[in-house]
Every structure is written in C-alpha cells, then in structure tokens.
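Worksheet for the structure shown next.
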2 protein chains.
Amino acid sequence: MLDVKITKLTVSDVRFPTSFEHHGSDAMHSDPDYSAAYVVLETDAENGFKGYGLTFTLGRGTEIVVCAVKALTPLVLGKRFGDIVNDFRGFYRLLTSDGQMRWIGPEKGVIHLATSAVLNAVWDLWAKMECKPLWKLLVDMQPEQLVSCIDFRYITDVLTEKEAVDILRKAQSGKEQREEQMLKNGYPAYTTSCAWLGYSDDHLRKLCVKALEEGWTRFKVKVGADLQDDIRRCKLIREIIGPNNTLMIDANQRWNVDEAIKWVLSLAEFKPLWIEEPTSPDDILGHATISKALAHLGIGVATGEQCHNKVMFKQLLQAKAVQFVQIDSCRLGSVNENISVLLMANKFKDNVSSQQVPKDTGWLRMPTWMCEYVDHLHEHFKSPVIIKDAHYIPPQDAGYSTEMKEDSVKKYQFPDGEIWQELSSQMKCLT
Amino acid sequence: MLDVKITKLTVSDVRFPTSFEHHGSDAMHSDPDYSAAYVVLETDAENGFKGYGLTFTLGRGTEIVVCAVKALTPLVLGKRFGDIVNDFRGFYRLLTSDGQMRWIGPEKGVIHLATSAVLNAVWDLWAKMECKPLWKLLVDMQPEQLVSCIDFRYITDVLTEKEAVDILRKAQSGKEQREEQMLKNGYPAYTTSCAWLGYSDDHLRKLCVKALEEGWTRFKVKVGADLQDDIRRCKLIREIIGPNNTLMIDANQRWNVDEAIKWVLSLAEFKPLWIEEPTSPDDILGHATISKALAHLGIGVATGEQCHNKVMFKQLLQAKAVQFVQIDSCRLGSVNENISVLLMANKFKDNVSSQQVPKDTGWLRMPTWMCEYVDHLHEHFKSPVIIKDAHYIPPQDAGYSTEMKEDSVKKYQFPDGEIWQELSSQMKCLT
C-alpha cells in the first residue's frame with residue numbers, strides 16, 4: 001500500500017447557485033454561491049482507491065483557487081504514498097514552502113486554500129487505504145505519529161513537539177470510553193440555517209419553530225447590516241427559542257473595533273453566547289479589545305472561519321482574543337494544521353490558572369465543544385453528514401466524507417455544467 | 001478627461017530568469033525568478049493614454065495572480081475615470097469587498113496582489129492624465145483629497161479620517177522646501193545587491209568594494225540559512241565597509257521566535273541597524289517579543305515586505321513590534337493603502353512620549369527614512385530609476401514609472417516569450 005504512487009490530480013470548479021434563495025447570506029457576503037475547488041487524486045493502486053478533497057469558496061474566484069491547485073500539482077504527481085504519510089510534515093512543508101510560490105502567500109489566501117484542498121484529498125486517500133473513517137484513523141494513531149504530521153515552524157514559542165506529544169499521551173486515558181460515547185451520542189451541533197441575513201422574518205420564524213421541533217437547542221443569527229433589524233430579529237428568535245436555549249450572533253467582519261463593542265452592547269439583552277467575527281479576521285489585538293469589553297456580560301468572542309493559518313490562531317490565543325476557536329479544515333492546511341491549533345488551544349486552557357479567572361468560566365471555553373450545521377447541499381455528497389437530535393453522528397464510511405456524487409460534479413461544474421448553462425440561457429432571455 | 005472610460009484590461013505573466021545567477025536569493029527563496037503580473041489599462045481617451053501597473057512575484061505562481069486579475073476585470077471595465085478617482089475609496093472597496101471573491105482573501109495573498117496591480121495601473125493612468133510623475137500628483141493633492149482615497153475600515157481605532165487630515169494639514173508647512181530638497185538631493189537608498197545569499201564570498205567582496213566606490217553607505221546582507229556562514233559574511237562585509245557605514249541583516253522569515261533572538265545575538269557584534277523579517281510575517285506578537293529582546297543592543301526590527309494589509313501594519317505599530325516599517329506598494333492595495341500605513345506610522349511616532357523612550361532612539365525610528373535598491377532588470381523599464389550618490393532622484397516622467405518596454409514584455413512573457421522558449425529547448429537538450 002505504501003508503494004502506491006499518485007498518478008493523476010484533477011481539480012474542478014463546482015458551484016451551487018445558492019444565492020438565488022439567499023442561503024448563506026450575511027453582512028459581508030450578500031449573494032454567496034456555495035462552491036468548491038474539488039480535487040481528485042488518482043493512484044496506481046490495484047483497488048483503484050481515489051482521494052477526494054475540497055476547499056470551500058463562494059462562487060466567483062473559485063477559478064483562481066483551481067488555478068492554484070494546478071500550480072501545486074507538480075509537487076504531488078508521482079509521489080509515493082508512503083513517502084507522503086511517513087513524512088507528512090515534510091510534505092506539508094513542501095507544498096507551503098516552494099521557493100517561488102510562497103511569495104504569493106505564504107500560507108494564506110488562495111494558495112493556502114489550494115493547499116488545503118490537496119491535503120484534504122491526501123487524508124481522504126489515507127483513511128480509505130486504512131478502510132477507516134478519517135476520525136477513526138486519527139483516533140487510532142499513536143501520539144508520536146499524529147504529531148509527526150504537524151509543521152511546528154513559527155509556533156514553537158507556544159507549543160513544542162514534546163509538549164504536543166505530552167498532551168496527547170495524557171489524553172490516552174479514557175479514550176475508548178470517549179469514543180464509545182461519541183458513537184452513541186454524537187458531537188453537539190448548532191444550526192445556522194434558520195437565520196441567514198437575507199431571510200424574511202416569516203421565513204426565519206418558520207425555520208426556527210421547525211428546528212426546535214427537530215431538537216435543536218443552539219441557534220446562530222447573522223447580524224451586522226442594520227442595528228434595528230438585528231434587534232428585531234434577535235428579539236424574535238429569543239422569543240421563539242425561549243431563555244434556556246442558546247443564541248449566538250455572527251457579524252461576519254462587518255464592524256470596526258469600537259463599533260463592534262457598541263453594537264454588541266445593544267444586543268446584549270438577548271444573551272448571546274458569543275459574537276462571531278466582529279471585525280477583520282486579521283485583527284488579533286482588535287479581537288482582544290472587544291473580548292475584554294464584553295467579558296463582564298458573559299459574551300465571548302468567536303472567530304477562525306477566515307483565520308488563515310496557525311500563526312494567527314497562536315496569537316489569538318496568546319492575546320486572549322477569543323473564547324471560541326473556530327477552525328476550518330478547508331482554510332487551514334487540512335488535518336495537519338488543524339491539529340496544531342487544537343493542541344495550542346488545549347495548552348492555553350491548561351495555562352489559565354484559577355487565580356486569574358473563575359475555573360468554570362475560563363477565558364477559553366474549552367468545554368463548549370460544538371460544530372456548526374447548515375442544512376444545504378447534503379444531497380450532493382456520497383456520505384452526507386448524519387444529524388441525530390442536533391448531534392453529528394460519526395460517519396462509518398471509510399475516508400473523509402468529502403466525495404461528491406459524480407453526477408453533481410458534472411452538473412454543477414462552472415461554467416460548462418448543465419445547471420450553469422441553463423442559468424446562463426435564462427439570464428440571456430431576461431436581458 | 002474625467003469622462004474617459006476604461007475600455008480594456010490586459011494582464012501578462014512576465015518572468016525574468018534571475019535564478020540562474022542567484023540574484024534575489026535568500027534563506028527562504030533560493031531560486032527566485034523576478035516576475036510580475038503586469039496590467040495594462042486602455043481607455044477611450046483621444047490622446048491614447050494607458051495605465052501600467054504591476055505586482056511583483058517570484059516566478060511560479062504568477063499565473064495564479066494573472067488569473068485573479070482577470071477575475072477582477074469585470075469590476076474595472078467600462079468604469080468612468082472620474083467615477084474612480086472622485087470616489088477612490090469606493091473603488092478600492094469595490095475591488096476588495098466583492099461579496100463572493102472576498103472569501104478567498106480578504107485583502108491578502110493572491111487576490112490582494114492582483115488588486116494591487118490593478119490599482120497601481122489606475123494611479124499610473126491618473127498621474128499621466130495630470131501630466132505629472134506620481135509623486136508630484138500626490139504632493140499637490142489637498143489633504144482632504146488624499147485622505148478620500150483611503151478605506152478606513154478596520155483602522156479607525158488607530159486612525160480616523162479626521163486625524164489623517166490633521167496630520168497632512170500640519171505637514172503642509174515646509175512642503176515646498178522639502179520638495180525642493182528632495183529634487184536636489186534625492187531620497188536615501190540602501191543596497192541589497194551586494195550580498196544575496198547565493199553569492200560567493202569573492203563575488204560579495206567585489207560587489208561591496210564597487211558599491212563603496214559608487215558612494216553607497218548602507219548595505220543589507222541576507223542571513224538565516226547557516227549561522228557560521230552568516231558570521232563569516234557579516235564579518236567580511238563589516239571589514240570592507242568599516243565601522244561608520246550601515247549594515248542591515250535580513251532573514252526572510254527563516255526563524256522561530258526564540259531562534260531569531262539567539263541567532264541575532266550571535267551577530268550583534270557586527271552592529272546591524274536592523275534585523276529584517278526574523279520570523280513569520282504574520283507573527284505580530286512574535287515580532288514584539290524579538291523587538292523587546294534586541295532593544296538594549298540598539299538593533300531594531302524591520303518587516304513589511306510580506307505584511308499583507310493595513311490591519312497587520314496597524315497591529316505591528318500597536319504592539320511596538322517594529323522599528324522600521326517596510327511597505328510594499330505591490331503587495332498592499334497600491335497608493336491607497338500605503339498612505340494609510342504611512343499615516344498610522346506617523347501617528348505612532350507622535351504618541352511615543354519622551355518618558356517612555358529616549359527621544360533620539362524612539363521605538364519607531366521615523367527619521368531613518370530610506371528605500372531599498374536592487375541593481376537588476378532596470379533595462380526593461382521605460383523610465384528606469386535614477387540613482388545618484390546612493391539616493392533615488394525623483395523621476396520627471398509622467399506616471400508611476402511602472403511601464404515596461406514592449407519588447408521586454410514580449411520576450412519575457414511566460415511561457416511563450418522568446419527567452420522562455422529558448423530556455424525550454426536548452427533544458428530539453430540537457431535531459
């Protein structure tokens with residue numbers, strides 16, 4: 001298996017016209033078409049295993065990420081699978097440190113999104129080779145092996161390789177029970193699908209009522225475009241979900257630092273658990289200021305969806321700028337970089353002494369694990385997520401669950417797929 | 001003139017094979033081919049004026065930036081010139097805030113490099129329309145007009161529009177004399193061309209001696225790959241230039257934070273003015289730690305070449321992480337964003353009270369203005385820089401001096417230009 005070679009990499013620009021129904025709309029992205037640069041790795045393996053990986057995009061610009069994946073392709077083709085996974089740190093470094101290409105990053109924006117898509121495909125391939133779902137591949141790894149996937153460049157001032165191994169070694173105890181429990185109860189989720197910014201109050205009400213019936217207890221509302229609208233929408237949703245369910249608000253980077261504090265103070269009466277992306281994703285010190293200003297209200301700061309790499313996360317943690325760390329394995333360099341952020345977050349949790357903050361409200365709210373859920377486009381995936389009582393149930397299919405249905409990829413390919421050809425002729429008729 | 005419309009945007013992938021002679025080589029970029037995504041804006045103006053802009057790249061990956069420029073093109077085509085320059089802030093926002101494309105940035109990496117190339121071309125066009133070199137266009141602007149080009153989103157906690165106007169108003173006095181002096185004496189430069197990492201000691205010695213003869217007094221050495229090499233090279237160059245000339249060292253992001261401090265301490269005896277890019281360009285807090293550790297030696301921290309936007313510069317200043325701010329108008333969103341960083345730097349200079357630091361060694365060394373000089377590829381530009389006694393002489397030609405010779409663009413176009421076709425057949429012969 002280790003002798004298998006990567007023989008082909010194809011990348012597609014797949015776009016779903018979600019903007020037509022305002023799915024995914026927020027204060028900064030009013031018309032997103034949920035899209036992906038979608039990578040397929042082929043090998044010379046006899047069983048014909050392929051690896052599927054993607055990075056998430058919003059429509060226009062996906063072609064740029066596709067172009068970047070093509071630029072990375074020569075670094076991947078012909079590689080022996082064993083050489084990749086036995087020195088995954090080295091392979092990560094190879095993709096992120098090309099002497100010419102790192103200039104257009106480094107490790108940020110388009111080139112890092114492309115890196116993510118490629119590495120996601122490698123992880124999918126690895127899990128498939130091991131006939132395990134990705135989570136199980138990771139759970140079964142020895143601490144040393146998992147840590148060997150991480151590139152520690154630029155984070156050793158917060159986390160060394162030895163510390164990372166120690167954290168994972170400590171966590172070995174109780175692992176089996178936790179796995180059992182996760183398989184039984186799943187991983188807590190919250191829903192964002194009830195309250196996109198472009199939805200009418202009526203639509204929002206209907207979706208909230210339905211979500212409550214389905215067992216959802218945590219709801220996220222998009223805010224930031226108009227304060228009066230936000231007050232009305234938060235009031236409405238709080239009335240529907242009651243005082244004991246959880247409300248989160250998400251501004252998608254709409255505000256300046258001072259503005260963020262003022263705006264959130266005006267929404268504090270609705271008791272949001274967090275304000276997500278209050279300002280520029282690059283503004284570590286700004287997030288720290290906002291976090292400090294809201295701490296007395298019990299409102300945390302969440303960010304990370306557009307936090308471009310582990311160096312930024314390192315600083316968000318160092319500056320106590322976030323209480324909720326939101327990693328995105330389509331923006332970070334796949335599992336490799338995600339693990340490094342999770343381990344840094346874990347370390348910072350340990351570093352908060354009970355003298356500094358009351359133990360149950362530590363500045364980094366580690367026990368509040370949960371994962372976002374949006375109710376769109378699942379029908380295009382071969383192994384769609386399974387949600388039960390507002391919890392993600394760990395998938396059983398081998399791989400990363402990133403494989404799309406071939407027919408979907410074909411139909412939604414931009415601009416030549418059937419769906420886009422149809423939309424294009426409709427637009428022509430209208431003009 | 002304001003009614004002129006932008007009718008065409010072309011973008012070229014121009015690459016110079018500088019890697020063959022190790023020009024530009026450093027600890028992280030061992031084989032750079034100095035390149036550009038090169039934008040030409042055409043208009044329907046009777047005089048046929050065109051705008052030329054570029055963003056700098058290192059070879060591979062330039063095609064991705066070219067792809068990004070093409071993605072931005074619909075936002076530019078058909079625009080009335082007056083509508084752009086009379087609301088330049090709005091135009092900047094238009095390019096950086098597209099609801100779908102900002103996801104792949106925002107304002108960083110490939111998409112921001114592309115934005116920079118396009119905006120640089122607009123500024124070239126504007127200066128040409130006014131029949132002035134760009135610097136003169138800027139110098140002649142009223143404070144309000146210049147400030148109207150800046151997008152203040154995410155920086156108002158450090159610099160408001162009013163403060164920006166105030167800084168510029170104060171600076172009106174003495175402007176004419178400063179202009180006169182600049183025209184006479186030029187703007188101080190330092191040379192990086194003597195000591196690229198790939199150069200041999202002999203070559204380095206020869207170039208240093210020659211540079212001294214030409215009047216250079218400030219020399220930058222690339223370091224970071226091997227400590228013993230660095231000690232030898234710094235010793236050599238310090239011996240040649242003597243104790244009174246200035247030496248700077250540049251690690252191009254090679255180190256972790258702790259490593260940077262240790263390494264620079266080992267080179268402190270050679271009295272470098274600054275250590276440039278000691279670690280990740282994203283690590284604001286890391287730079288602050290390094291800066292603090294080196295302050296007692298009088299060694300400053302310089303960075304900015306890969307600092308991706310004004311929000312990052314804002315924080316570098318807030319955290320006192322840099323003593324030397326190195327903006328790059330090919331990475332930042334052109335003049336618009338550059339001015340915002342210069343004004344923030346100016347404000348931070350004012351905020352340093354004499355109680356905190358001795359006045360003549362303020363943490364932000366504002367009086368040490370100087371600009372990098374590298375001695376390559378000037379022959380390809382229509383208005384190459386003029387260097388006199390190690391000073392840049394302000395150009396007199398109208399525009400931004402960004403226009404390349406048509407013949408060069410054609411020859412060095414990648415991969416179809418004559419030069420690359422030749423290189424490609426030579427490579428084929430060798431293999």
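Going through the structure tokens in order, the chains are called A, B, and so on, while each chain numbers its residues from 1 and the ligands are numbered from 1 in the order shown.
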Practice task
Could the residues of chain B within 6 Å of chain A, counting only C-alpha atoms, be given as a list in words, please?
Solution key: His29, Ser30, Pro32, Leu58, Gly59, Arg60, Gly61, Ile64, Cys67, Ala68, Gly99, Gln100, Met101, Ile104, Gly105, Lys108, Gly109, Val110, Tyr154 and Asn256 of chain B
Practice task
Compile the contact shell of Val40 (chain A) as a PyMOL selection string: residues with an atom at most 8 Å away, counting only C-alpha atoms, same-chain residues fewer than 2 positions apart removed.
Solution key: chain A and resi 9-11+38+42+50-53+121
Write a file of the just-selected residues containing N, CA, C and O atoms, as a PDB file, in the first residue's frame.
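result29.pdb, freshly written:
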```
ATOM      1  N   LEU A   9      -3.902  14.139 -10.797  1.00  0.00           N
ATOM      2  CA  LEU A   9      -4.660  15.062  -9.946  1.00  0.00           C
ATOM      3  C   LEU A   9      -5.577  15.864 -10.860  1.00  0.00           C
ATOM      4  O   LEU A   9      -5.111  16.498 -11.806  1.00  0.00           O
ATOM      5  N   THR A  10      -6.876  15.770 -10.605  1.00  0.00           N
ATOM      6  CA  THR A  10      -7.791  16.633 -11.362  1.00  0.00           C
ATOM      7  C   THR A  10      -8.463  17.575 -10.384  1.00  0.00           C
ATOM      8  O   THR A  10      -8.677  17.244  -9.221  1.00  0.00           O
ATOM      9  N   VAL A  11      -8.786  18.760 -10.866  1.00  0.00           N
ATOM     10  CA  VAL A  11      -9.444  19.746  -9.994  1.00  0.00           C
ATOM     11  C   VAL A  11     -10.610  20.372 -10.762  1.00  0.00           C
ATOM     12  O   VAL A  11     -10.482  20.686 -11.947  1.00  0.00           O
ATOM     13  N   TYR A  38     -12.500  21.374  -6.167  1.00  0.00           N
ATOM     14  CA  TYR A  38     -12.700  19.975  -5.801  1.00  0.00           C
ATOM     15  C   TYR A  38     -11.594  19.127  -6.435  1.00  0.00           C
ATOM     16  O   TYR A  38     -11.451  19.089  -7.657  1.00  0.00           O
ATOM     17  N   GLU A  42      -5.741  10.404  -8.120  1.00  0.00           N
ATOM     18  CA  GLU A  42      -5.788   9.008  -8.562  1.00  0.00           C
ATOM     19  C   GLU A  42      -4.433   8.352  -8.309  1.00  0.00           C
ATOM     20  O   GLU A  42      -3.399   9.026  -8.283  1.00  0.00           O
ATOM     21  N   LYS A  50      -9.291   6.295  -4.747  1.00  0.00           N
ATOM     22  CA  LYS A  50      -9.039   7.695  -5.083  1.00  0.00           C
ATOM     23  C   LYS A  50      -9.193   8.541  -3.814  1.00  0.00           C
ATOM     24  O   LYS A  50      -9.905   8.154  -2.895  1.00  0.00           O
ATOM     25  N   GLY A  51      -8.529   9.658  -3.808  1.00  0.00           N
ATOM     26  CA  GLY A  51      -8.677  10.593  -2.703  1.00  0.00           C
ATOM     27  C   GLY A  51      -9.441  11.830  -3.162  1.00  0.00           C
ATOM     28  O   GLY A  51      -9.160  12.359  -4.231  1.00  0.00           O
ATOM     29  N   TYR A  52     -10.425  12.271  -2.346  1.00  0.00           N
ATOM     30  CA  TYR A  52     -11.248  13.429  -2.708  1.00  0.00           C
ATOM     31  C   TYR A  52     -11.082  14.514  -1.651  1.00  0.00           C
ATOM     32  O   TYR A  52     -11.229  14.242  -0.451  1.00  0.00           O
ATOM     33  N   GLY A  53     -10.785  15.702  -2.097  1.00  0.00           N
ATOM     34  CA  GLY A  53     -10.624  16.800  -1.150  1.00  0.00           C
ATOM     35  C   GLY A  53     -11.190  18.078  -1.724  1.00  0.00           C
ATOM     36  O   GLY A  53     -11.295  18.228  -2.947  1.00  0.00           O
ATOM     37  N   ALA A 121      -7.505  15.883   0.258  1.00  0.00           N
ATOM     38  CA  ALA A 121      -7.622  14.700  -0.612  1.00  0.00           C
ATOM     39  C   ALA A 121      -6.643  13.603  -0.185  1.00  0.00           C
ATOM     40  O   ALA A 121      -6.957  12.409  -0.245  1.00  0.00           O
TER      41      ALA A 121
END
```
Give one line per residue of region 118-214 of chain B that approaches region 398-404 of chain B to at most 12 Å, naming the two atoms of the closest pair and their distance in Å to one decimal, counting only C-alpha atoms; sort by chain then ascending residue number and deliver it as a tab-separated table.
```
residue	atom	partner	partner_atom	distance
B:Val118	CA	B:Thr402	CA	11.9
B:Leu119	CA	B:Tyr400	CA	11.3
B:Asn120	CA	B:Tyr400	CA	7.9
B:Ala121	CA	B:Thr402	CA	8.1
B:Val122	CA	B:Tyr400	CA	9.7
B:Trp123	CA	B:Tyr400	CA	7.1
B:Asp124	CA	B:Gly399	CA	4.6
B:Leu125	CA	B:Gly399	CA	6.7
B:Trp126	CA	B:Gly399	CA	7.4
B:Ala127	CA	B:Gly399	CA	4.6
B:Lys128	CA	B:Gly399	CA	4.7
B:Met129	CA	B:Gly399	CA	8.3
B:Glu130	CA	B:Ala398	CA	7.9
B:Cys131	CA	B:Ala398	CA	5.1
B:Lys132	CA	B:Ala398	CA	4.4
B:Pro133	CA	B:Ala398	CA	4.1
B:Leu134	CA	B:Tyr400	CA	5.1
B:Trp135	CA	B:Tyr400	CA	8.0
B:Lys136	CA	B:Ala398	CA	9.1
B:Leu137	CA	B:Gly399	CA	8.9
B:Leu138	CA	B:Tyr400	CA	11.1
```
Practice task
Could you pull out the residues in region 158-295 of chain B that DSSP calls helix (DSSP H, G or I) from the backbone, as a VMD selection string?
Solution key: chain B and resid 161 to 170 175 to 185 201 to 213 227 to 241 257 to 270 284 to 295
